[in-house]
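Novice: Quick one: structure below, then a few questions.
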Amino acid sequence: MLRSALWAAHWVLRIWLAGYLLIYGWSKVYLVQMGYADFSDALVQYGEMSPMGVLWRFMAFSPTVQVLAGLAEVLAAVLLLFRRTVWLGALLAAVDMSVVFLLNLTFDVPVKQLSGLMAVAGIVLLAPNLIRLGRFLLGLPTGRPVHGRISSHRIVVAVTKWTSPALALLLIIGSGVAFGLRANWGQPDPVPAVAGVYRATDSGSRTLEGAEISQVAFGQNAFDGRARLSIRYADGSFQDGRYTVSAADPGADDSGRLDVTLFPKLDGDQGLVRDPVLETSLDYAIDSSGQVRLTGDGLDVTLVSDPERRYLFDREFSWEPSEPINR
């Protein structure tokens, strides 16, 4: 009876751990958790970022790293859901979540306790096979994996022999499809024509809500029509928000209207959930040289592309040995 109860607790723990691994894993595979490197981040200065912001932008810059990290978590969940591979899934989960816990700890990400608990859960699930793992590391014969059943009743065994793998496959595939549909399979909308990093020229009115604009960045990654934007003001303050594009002419990409939502200016600790401080509409027009003119709400400013502020995004990969560019 006690043995069955322990294996029942073992089963509950591995389902719990597999569920969380699928949630976090798929969110990385479809680039939901950390997102994409975005032009709107070009105006954020290093010293202004929180430790979590540094980590998120690091992961967002390399979709390959983010996807591989997600696949490692999904694979651990898949292995946990099948009885014969639980030990391997537990080992992989313990390694995955130990790394995540270390990152959360050193970059001050709020979910330290959860990631630490998931790492411990992986070790607990691995416990029945720890001796086998030790023998493997010592190069000794390991024997068969240790796994038990909640019940040895022949009817229960016969039913779970087929239903358990079927439910596991349903959970794995169903969760992947659900996340994929919600995230549009990780693919953003077409890049808005106005997307880019700009500096304001001295001509026209550069004032928005009483502050003079110095730089503007319109994000290139739009989802459901919404993309990020950021503004750097002449006094050094920083403000971010969201924008959507509504074209004046369905066939024209060089002019239209931006519906802009701005959040409070950067000032100390600010959570992810913030109330907007300004909602307005601005007209834009792009000329043949790529300059953008924004008008509306007392604003009439001309923006020119700022290649130094988007250097990170324009820098191309090079395989050949060359002079290090560490700027």
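Order determines the names: the first chain of the structure tokens is A, the second B, and so forth; residues in each chain are numbered 1 upward, and ligands are numbered 1 upward as they are shown.
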Apply DSSP to the backbone of this structure and, from region 55-160 of chain A, keep only the residues in alpha helix (DSSP H); write these as a PyMOL selection string.
Specialist: chain A and resi 55-61+63-80+86-106+112-126+130-137+154-160
Novice: Mind dumping a table of every region 175-260 of chain A residue within 9 Å of region 11-31 of chain A, with the nearest atom pair and its distance in Å to one decimal, using only C-alpha atoms, sorted by chain and rising number, as JSON lines?
Specialist:
```
{"residue": "A:Ser175", "atom": "CA", "partner": "A:Leu22", "partner_atom": "CA", "distance": 7.2}
{"residue": "A:Gly176", "atom": "CA", "partner": "A:Trp26", "partner_atom": "CA", "distance": 6.3}
{"residue": "A:Phe179", "atom": "CA", "partner": "A:Trp26", "partner_atom": "CA", "distance": 6.5}
{"residue": "A:Gly180", "atom": "CA", "partner": "A:Tyr30", "partner_atom": "CA", "distance": 6.6}
{"residue": "A:Ala183", "atom": "CA", "partner": "A:Tyr30", "partner_atom": "CA", "distance": 6.5}
{"residue": "A:Asn184", "atom": "CA", "partner": "A:Tyr30", "partner_atom": "CA", "distance": 8.3}
{"residue": "A:Trp185", "atom": "CA", "partner": "A:Tyr30", "partner_atom": "CA", "distance": 6.0}
{"residue": "A:Gly186", "atom": "CA", "partner": "A:Tyr30", "partner_atom": "CA", "distance": 4.4}
{"residue": "A:Gln187", "atom": "CA", "partner": "A:Tyr30", "partner_atom": "CA", "distance": 8.1}
```
Novice: Can those selected residues be exported to a file as a PDB file, in the first residue's frame so that it contains C-alpha atoms?
Specialist:
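This is the output file out24.pdb:
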```
ATOM      1  CA  SER A 175      -0.552  22.134 -25.954  1.00  0.00           C
ATOM      2  CA  GLY A 176       1.819  22.724 -28.876  1.00  0.00           C
ATOM      3  CA  PHE A 179       0.324  27.787 -28.190  1.00  0.00           C
ATOM      4  CA  GLY A 180       1.083  27.836 -31.915  1.00  0.00           C
ATOM      5  CA  ALA A 183       1.141  32.960 -31.135  1.00  0.00           C
ATOM      6  CA  ASN A 184       0.463  32.746 -34.889  1.00  0.00           C
ATOM      7  CA  TRP A 185       3.144  30.033 -34.967  1.00  0.00           C
ATOM      8  CA  GLY A 186       5.720  32.578 -33.838  1.00  0.00           C
ATOM      9  CA  GLN A 187       5.341  34.733 -36.951  1.00  0.00           C
TER      10      GLN A 187
END
```
Novice: From region 69-224 of chain A, collect each residue whose DSSP state is strand (DSSP E) and return the set as a list in words.
Specialist: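 Of region 69-224 of chain A, the ones in strand (DSSP E) are Gly196, Val197, Tyr198, Arg199, Ala200, Thr201, Asp202, Ser203, Gly204, Ser205, Thr207, Leu208, Ala211, Glu212, Ile213, Ser214, Gln215, Val216, Ala217 and Phe218 of chain A.
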Novice: So that I have them on file, write out the residues from the current selection with all heavy atoms, as a short mmCIF file (atom, residue, chain, number, x, y, z; two decimals), in the first residue's frame.
Specialist:
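Saved the output as out.cif:
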```
data_model
loop_
_atom_site.label_atom_id
_atom_site.label_comp_id
_atom_site.auth_asym_id
_atom_site.auth_seq_id
_atom_site.Cartn_x
_atom_site.Cartn_y
_atom_site.Cartn_z
N GLY A 196 11.36 51.65 -37.73
CA GLY A 196 12.75 52.10 -37.83
C GLY A 196 13.15 52.89 -36.60
O GLY A 196 12.36 53.10 -35.67
N VAL A 197 14.40 53.32 -36.59
CA VAL A 197 14.94 54.13 -35.49
C VAL A 197 15.34 55.47 -36.08
O VAL A 197 16.10 55.55 -37.04
CB VAL A 197 16.16 53.45 -34.85
CG1 VAL A 197 16.63 54.24 -33.63
CG2 VAL A 197 15.84 52.01 -34.47
N TYR A 198 14.82 56.54 -35.50
CA TYR A 198 14.96 57.88 -36.09
C TYR A 198 15.42 58.90 -35.05
O TYR A 198 15.24 58.72 -33.86
CB TYR A 198 13.61 58.35 -36.66
CG TYR A 198 12.95 57.39 -37.62
CD1 TYR A 198 12.03 56.45 -37.17
CD2 TYR A 198 13.26 57.43 -38.98
CE1 TYR A 198 11.42 55.57 -38.05
CE2 TYR A 198 12.64 56.56 -39.87
CZ TYR A 198 11.73 55.62 -39.40
OH TYR A 198 11.12 54.76 -40.27
N ARG A 199 15.99 59.98 -35.58
CA ARG A 199 16.25 61.16 -34.76
C ARG A 199 15.46 62.32 -35.35
O ARG A 199 15.24 62.39 -36.58
CB ARG A 199 17.74 61.49 -34.71
CG ARG A 199 18.40 61.71 -36.06
CD ARG A 199 19.88 62.03 -35.90
NE ARG A 199 20.55 62.11 -37.19
CZ ARG A 199 20.52 63.18 -38.00
NH1 ARG A 199 19.87 64.28 -37.61
NH2 ARG A 199 21.15 63.16 -39.16
N ALA A 200 15.03 63.22 -34.50
CA ALA A 200 14.21 64.35 -34.94
C ALA A 200 15.10 65.47 -35.46
O ALA A 200 16.16 65.76 -34.89
CB ALA A 200 13.37 64.85 -33.78
N THR A 201 14.69 66.08 -36.56
CA THR A 201 15.42 67.24 -37.10
C THR A 201 14.99 68.49 -36.33
O THR A 201 14.04 68.48 -35.55
CB THR A 201 15.13 67.41 -38.59
OG1 THR A 201 13.75 67.72 -38.78
CG2 THR A 201 15.46 66.13 -39.35
N ASP A 202 15.68 69.58 -36.58
CA ASP A 202 15.39 70.82 -35.86
C ASP A 202 14.20 71.56 -36.44
O ASP A 202 13.73 72.53 -35.84
CB ASP A 202 16.62 71.74 -35.90
CG ASP A 202 17.78 71.15 -35.09
OD1 ASP A 202 17.49 70.42 -34.14
OD2 ASP A 202 18.95 71.43 -35.44
N SER A 203 13.70 71.14 -37.59
CA SER A 203 12.59 71.86 -38.23
C SER A 203 11.26 71.45 -37.63
O SER A 203 11.09 70.32 -37.17
CB SER A 203 12.58 71.58 -39.73
OG SER A 203 12.41 70.20 -39.98
N GLY A 204 10.30 72.37 -37.61
CA GLY A 204 8.94 72.07 -37.15
C GLY A 204 8.82 72.01 -35.64
O GLY A 204 9.76 72.30 -34.88
N SER A 205 7.63 71.62 -35.19
CA SER A 205 7.34 71.50 -33.77
C SER A 205 7.69 70.10 -33.30
O SER A 205 7.13 69.12 -33.79
CB SER A 205 5.86 71.80 -33.50
OG SER A 205 5.54 71.52 -32.16
N THR A 207 7.46 69.10 -30.07
CA THR A 207 6.96 68.98 -28.71
C THR A 207 5.73 68.08 -28.64
O THR A 207 4.78 68.23 -29.42
CB THR A 207 6.60 70.36 -28.13
OG1 THR A 207 7.75 71.20 -28.18
CG2 THR A 207 6.12 70.24 -26.70
N LEU A 208 5.78 67.12 -27.72
CA LEU A 208 4.66 66.23 -27.45
C LEU A 208 4.38 66.26 -25.96
O LEU A 208 5.25 65.94 -25.15
CB LEU A 208 4.97 64.81 -27.90
CG LEU A 208 3.85 63.76 -27.73
CD1 LEU A 208 2.66 64.12 -28.61
CD2 LEU A 208 4.35 62.37 -28.07
N ALA A 211 6.97 68.15 -23.91
CA ALA A 211 8.37 67.73 -23.90
C ALA A 211 8.89 67.65 -25.34
O ALA A 211 8.16 67.25 -26.25
CB ALA A 211 8.53 66.38 -23.21
N GLU A 212 10.14 68.05 -25.53
CA GLU A 212 10.73 68.09 -26.87
C GLU A 212 11.32 66.73 -27.25
O GLU A 212 12.15 66.18 -26.52
CB GLU A 212 11.80 69.17 -26.93
CG GLU A 212 12.35 69.41 -28.33
CD GLU A 212 13.30 70.60 -28.37
OE1 GLU A 212 12.95 71.67 -27.83
OE2 GLU A 212 14.40 70.44 -28.93
N ILE A 213 10.89 66.20 -28.39
CA ILE A 213 11.34 64.88 -28.85
C ILE A 213 12.74 64.96 -29.44
O ILE A 213 13.05 65.86 -30.22
CB ILE A 213 10.35 64.33 -29.90
CG1 ILE A 213 9.02 63.98 -29.23
CG2 ILE A 213 10.93 63.10 -30.59
CD1 ILE A 213 7.96 63.52 -30.22
N SER A 214 13.57 64.00 -29.08
CA SER A 214 14.92 63.91 -29.63
C SER A 214 15.03 62.71 -30.59
O SER A 214 15.59 62.84 -31.68
CB SER A 214 15.94 63.77 -28.51
OG SER A 214 17.23 63.52 -29.02
N GLN A 215 14.50 61.55 -30.17
CA GLN A 215 14.58 60.34 -30.98
C GLN A 215 13.27 59.55 -30.86
O GLN A 215 12.60 59.61 -29.82
CB GLN A 215 15.74 59.45 -30.52
CG GLN A 215 17.11 60.08 -30.68
CD GLN A 215 18.18 59.29 -29.94
OE1 GLN A 215 18.07 59.08 -28.73
NE2 GLN A 215 19.19 58.84 -30.65
N VAL A 216 12.97 58.81 -31.92
CA VAL A 216 11.77 57.97 -31.94
C VAL A 216 12.13 56.63 -32.57
O VAL A 216 12.88 56.59 -33.56
CB VAL A 216 10.61 58.61 -32.73
CG1 VAL A 216 9.39 57.70 -32.71
CG2 VAL A 216 10.26 59.98 -32.17
N ALA A 217 11.63 55.54 -32.00
CA ALA A 217 11.82 54.21 -32.58
C ALA A 217 10.47 53.52 -32.70
O ALA A 217 9.76 53.39 -31.70
CB ALA A 217 12.77 53.37 -31.73
N PHE A 218 10.14 53.11 -33.92
CA PHE A 218 8.92 52.36 -34.17
C PHE A 218 9.30 50.90 -34.37
O PHE A 218 10.07 50.56 -35.28
CB PHE A 218 8.20 52.87 -35.42
CG PHE A 218 7.64 54.27 -35.27
CD1 PHE A 218 8.26 55.35 -35.88
CD2 PHE A 218 6.50 54.49 -34.51
CE1 PHE A 218 7.76 56.62 -35.74
CE2 PHE A 218 5.99 55.77 -34.37
CZ PHE A 218 6.62 56.85 -34.98
#
```
Novice: Which residues, written as number ranges by chain, have at least one atom at most 8 Å from Arg228 (chain A), with only C-alpha atoms counted and residues fewer than 2 positions away on the same chain left out?
Specialist: A: 38, 40, 218-222, 226, 230, 240-243
Novice: Looking at only C-alpha atoms, which of A:Ala90, A:Val100, A:Val194, A:Val95 is the one that sits closest to Ala127 (chain A)?
Specialist: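 Once distances to Ala127 (chain A) are computed over only C-alpha atoms, the minimum belongs to A:Ala90.
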